[in-house]
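Trainee: Provided herewith is a single structure, encoded as structure tokens, for subsequent inquiry.
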Amino acid sequence: AVEHVELPITGMTCASCANRVERRLNGLEGVTATVNYATEKAAVAFDAATVAPEDLVAAVRAAGYDAALPS
Ligand code: 9UX
């Protein structure tokens with residue numbers, strides 16, 4: 001099933017950073033993500049059959065930024 005989550009992203013210092021995070025997230029199978037630099041949030045739709053929220057955080061970290069799961 002497709003689930004939606006909004007992740008706060010830290011470490012972005014210009015709009016291109018948001019594009020980098022977005023591309024990294026969208027590289028995961030079953031993920032459609034939009035990253036808003038101004039609000040420092042990623043809106044992510046993901047297929048829970050192929051991706052876990054922790055995978056989203058790992059992808060953001062791999063891009064050189066950080067994300068927190070919603071508490
Ligand atoms: Mo902007 Mo972000 O020049 O890694 S792309 S700082």
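In the structure tokens, chains take letters A, B, ... by order of appearance, with residues numbered from 1 within each chain and ligands from 1 in the order shown.
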As a list in words, list the residues of chain A assigned to strand (DSSP E) by DSSP on the backbone atoms of this structure.
Mentor: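 Of chain A, the ones in strand (DSSP E) are Val2, Glu3, His4, Val5, Glu6, Leu7, Pro8, Ile9, Thr10, Val31, Thr32, Ala33, Thr34, Val35, Asn36, Lys41, Ala42, Ala43, Val44, Ala45, Phe46, Asp47, Asp66 and Ala67 of chain A.
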Trainee: Using N, CA and C atoms, can you export the residues from the last selection as a PDB file, in the first residue's frame?
Mentor:
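Written out: again39.pdb:
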```pdb
ATOM      1  N   VAL A   2       0.387   2.279  -0.626  1.00  0.00           N
ATOM      2  CA  VAL A   2       1.137   3.539  -0.659  1.00  0.00           C
ATOM      3  C   VAL A   2       0.883   4.306   0.630  1.00  0.00           C
ATOM      4  N   GLU A   3       1.963   4.702   1.253  1.00  0.00           N
ATOM      5  CA  GLU A   3       1.854   5.508   2.464  1.00  0.00           C
ATOM      6  C   GLU A   3       2.497   6.863   2.218  1.00  0.00           C
ATOM      7  N   HIS A   4       2.102   7.827   3.008  1.00  0.00           N
ATOM      8  CA  HIS A   4       2.637   9.187   2.869  1.00  0.00           C
ATOM      9  C   HIS A   4       3.268   9.622   4.179  1.00  0.00           C
ATOM     10  N   VAL A   5       4.416  10.286   4.036  1.00  0.00           N
ATOM     11  CA  VAL A   5       5.069  10.795   5.230  1.00  0.00           C
ATOM     12  C   VAL A   5       5.721  12.134   4.895  1.00  0.00           C
ATOM     13  N   GLU A   6       5.810  12.991   5.878  1.00  0.00           N
ATOM     14  CA  GLU A   6       6.503  14.259   5.719  1.00  0.00           C
ATOM     15  C   GLU A   6       7.707  14.248   6.640  1.00  0.00           C
ATOM     16  N   LEU A   7       8.883  14.388   6.033  1.00  0.00           N
ATOM     17  CA  LEU A   7      10.116  14.325   6.813  1.00  0.00           C
ATOM     18  C   LEU A   7      10.763  15.695   6.895  1.00  0.00           C
ATOM     19  N   PRO A   8      11.118  16.154   8.085  1.00  0.00           N
ATOM     20  CA  PRO A   8      11.944  17.353   8.192  1.00  0.00           C
ATOM     21  C   PRO A   8      13.372  17.031   7.754  1.00  0.00           C
ATOM     22  N   ILE A   9      13.914  17.866   6.890  1.00  0.00           N
ATOM     23  CA  ILE A   9      15.272  17.663   6.375  1.00  0.00           C
ATOM     24  C   ILE A   9      16.175  18.739   6.940  1.00  0.00           C
ATOM     25  N   THR A  10      17.334  18.334   7.450  1.00  0.00           N
ATOM     26  CA  THR A  10      18.285  19.324   7.946  1.00  0.00           C
ATOM     27  C   THR A  10      19.556  19.281   7.111  1.00  0.00           C
ATOM     28  N   VAL A  31       9.152   5.052  -4.642  1.00  0.00           N
ATOM     29  CA  VAL A  31       9.114   6.328  -3.920  1.00  0.00           C
ATOM     30  C   VAL A  31       8.861   7.484  -4.876  1.00  0.00           C
ATOM     31  N   THR A  32       7.967   8.356  -4.490  1.00  0.00           N
ATOM     32  CA  THR A  32       7.763   9.634  -5.176  1.00  0.00           C
ATOM     33  C   THR A  32       7.886  10.724  -4.120  1.00  0.00           C
ATOM     34  N   ALA A  33       8.878  11.599  -4.295  1.00  0.00           N
ATOM     35  CA  ALA A  33       9.172  12.587  -3.269  1.00  0.00           C
ATOM     36  C   ALA A  33       9.278  13.984  -3.854  1.00  0.00           C
ATOM     37  N   THR A  34       8.848  14.941  -3.057  1.00  0.00           N
ATOM     38  CA  THR A  34       9.039  16.350  -3.375  1.00  0.00           C
ATOM     39  C   THR A  34       9.690  17.003  -2.163  1.00  0.00           C
ATOM     40  N   VAL A  35      10.780  17.713  -2.391  1.00  0.00           N
ATOM     41  CA  VAL A  35      11.470  18.376  -1.288  1.00  0.00           C
ATOM     42  C   VAL A  35      11.322  19.882  -1.431  1.00  0.00           C
ATOM     43  N   ASN A  36      10.857  20.504  -0.372  1.00  0.00           N
ATOM     44  CA  ASN A  36      10.649  21.945  -0.338  1.00  0.00           C
ATOM     45  C   ASN A  36      11.781  22.577   0.464  1.00  0.00           C
ATOM     46  N   LYS A  41      11.176  20.480   4.267  1.00  0.00           N
ATOM     47  CA  LYS A  41      10.427  19.240   4.443  1.00  0.00           C
ATOM     48  C   LYS A  41      10.381  18.461   3.134  1.00  0.00           C
ATOM     49  N   ALA A  42      10.395  17.154   3.288  1.00  0.00           N
ATOM     50  CA  ALA A  42      10.197  16.260   2.148  1.00  0.00           C
ATOM     51  C   ALA A  42       8.823  15.615   2.277  1.00  0.00           C
ATOM     52  N   ALA A  43       8.026  15.750   1.231  1.00  0.00           N
ATOM     53  CA  ALA A  43       6.745  15.056   1.172  1.00  0.00           C
ATOM     54  C   ALA A  43       6.972  13.793   0.352  1.00  0.00           C
ATOM     55  N   VAL A  44       6.759  12.658   0.985  1.00  0.00           N
ATOM     56  CA  VAL A  44       7.131  11.395   0.360  1.00  0.00           C
ATOM     57  C   VAL A  44       5.957  10.429   0.326  1.00  0.00           C
ATOM     58  N   ALA A  45       5.705   9.900  -0.854  1.00  0.00           N
ATOM     59  CA  ALA A  45       4.775   8.784  -1.001  1.00  0.00           C
ATOM     60  C   ALA A  45       5.621   7.548  -1.279  1.00  0.00           C
ATOM     61  N   PHE A  46       5.353   6.485  -0.546  1.00  0.00           N
ATOM     62  CA  PHE A  46       6.178   5.294  -0.755  1.00  0.00           C
ATOM     63  C   PHE A  46       5.352   4.027  -0.656  1.00  0.00           C
ATOM     64  N   ASP A  47       5.816   3.025  -1.392  1.00  0.00           N
ATOM     65  CA  ASP A  47       5.170   1.720  -1.367  1.00  0.00           C
ATOM     66  C   ASP A  47       5.698   0.959  -0.157  1.00  0.00           C
ATOM     67  N   ASP A  66      20.343  15.236   6.581  1.00  0.00           N
ATOM     68  CA  ASP A  66      19.765  14.392   7.600  1.00  0.00           C
ATOM     69  C   ASP A  66      18.252  14.575   7.614  1.00  0.00           C
ATOM     70  N   ALA A  67      17.590  13.549   8.086  1.00  0.00           N
ATOM     71  CA  ALA A  67      16.132  13.583   8.175  1.00  0.00           C
ATOM     72  C   ALA A  67      15.714  12.904   9.457  1.00  0.00           C
TER      73      ALA A  67
END
```
Trainee: Give me, as a list of chain:residue names, the set of residues whose atoms come within 12 Å of any atom of ligand 1, counting only C-alpha atoms and all ligand atoms.
Mentor: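 The neighbouring residues of ligand 1 are, in order, A:Thr10, A:Gly11, A:Met12, A:Thr13, A:Cys14, A:Ala15, A:Ser16, A:Cys17, A:Ala18, A:Asn19, A:Arg20, A:Val21, A:Glu22, A:Tyr37, A:Val60, A:Arg61, A:Ala62, A:Ala63, A:Gly64, A:Tyr65, A:Asp66.
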Trainee: Give the alpha helix (DSSP H) residues of chain A, as DSSP finds them on the backbone, and put them as a PDB file with C-alpha atoms, in the first residue's frame.
Mentor:
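And here's out-v3.pdb as it stands now:
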```
ATOM      1  CA  ALA A  15      17.771  25.245  -3.310  1.00  0.00           C
ATOM      2  CA  SER A  16      19.963  22.814  -5.196  1.00  0.00           C
ATOM      3  CA  CYS A  17      20.390  20.851  -2.013  1.00  0.00           C
ATOM      4  CA  ALA A  18      16.661  20.201  -2.082  1.00  0.00           C
ATOM      5  CA  ASN A  19      16.986  18.902  -5.616  1.00  0.00           C
ATOM      6  CA  ARG A  20      19.784  16.585  -4.543  1.00  0.00           C
ATOM      7  CA  VAL A  21      17.703  15.152  -1.704  1.00  0.00           C
ATOM      8  CA  GLU A  22      14.713  14.826  -3.974  1.00  0.00           C
ATOM      9  CA  ARG A  23      16.640  12.931  -6.630  1.00  0.00           C
ATOM     10  CA  ARG A  24      18.089  10.576  -4.036  1.00  0.00           C
ATOM     11  CA  LEU A  25      14.688   9.782  -2.581  1.00  0.00           C
ATOM     12  CA  ASN A  26      13.127   9.317  -6.002  1.00  0.00           C
ATOM     13  CA  PRO A  53      10.556   4.881   6.528  1.00  0.00           C
ATOM     14  CA  GLU A  54      14.046   4.116   7.805  1.00  0.00           C
ATOM     15  CA  ASP A  55      15.144   3.596   4.192  1.00  0.00           C
ATOM     16  CA  LEU A  56      14.017   7.132   3.417  1.00  0.00           C
ATOM     17  CA  VAL A  57      16.132   8.511   6.231  1.00  0.00           C
ATOM     18  CA  ALA A  58      19.098   6.423   5.082  1.00  0.00           C
ATOM     19  CA  ALA A  59      18.763   7.801   1.549  1.00  0.00           C
ATOM     20  CA  VAL A  60      18.723  11.383   2.798  1.00  0.00           C
ATOM     21  CA  ARG A  61      21.819  10.695   4.893  1.00  0.00           C
ATOM     22  CA  ALA A  62      23.539   9.099   1.911  1.00  0.00           C
TER      23      ALA A  62
END
```
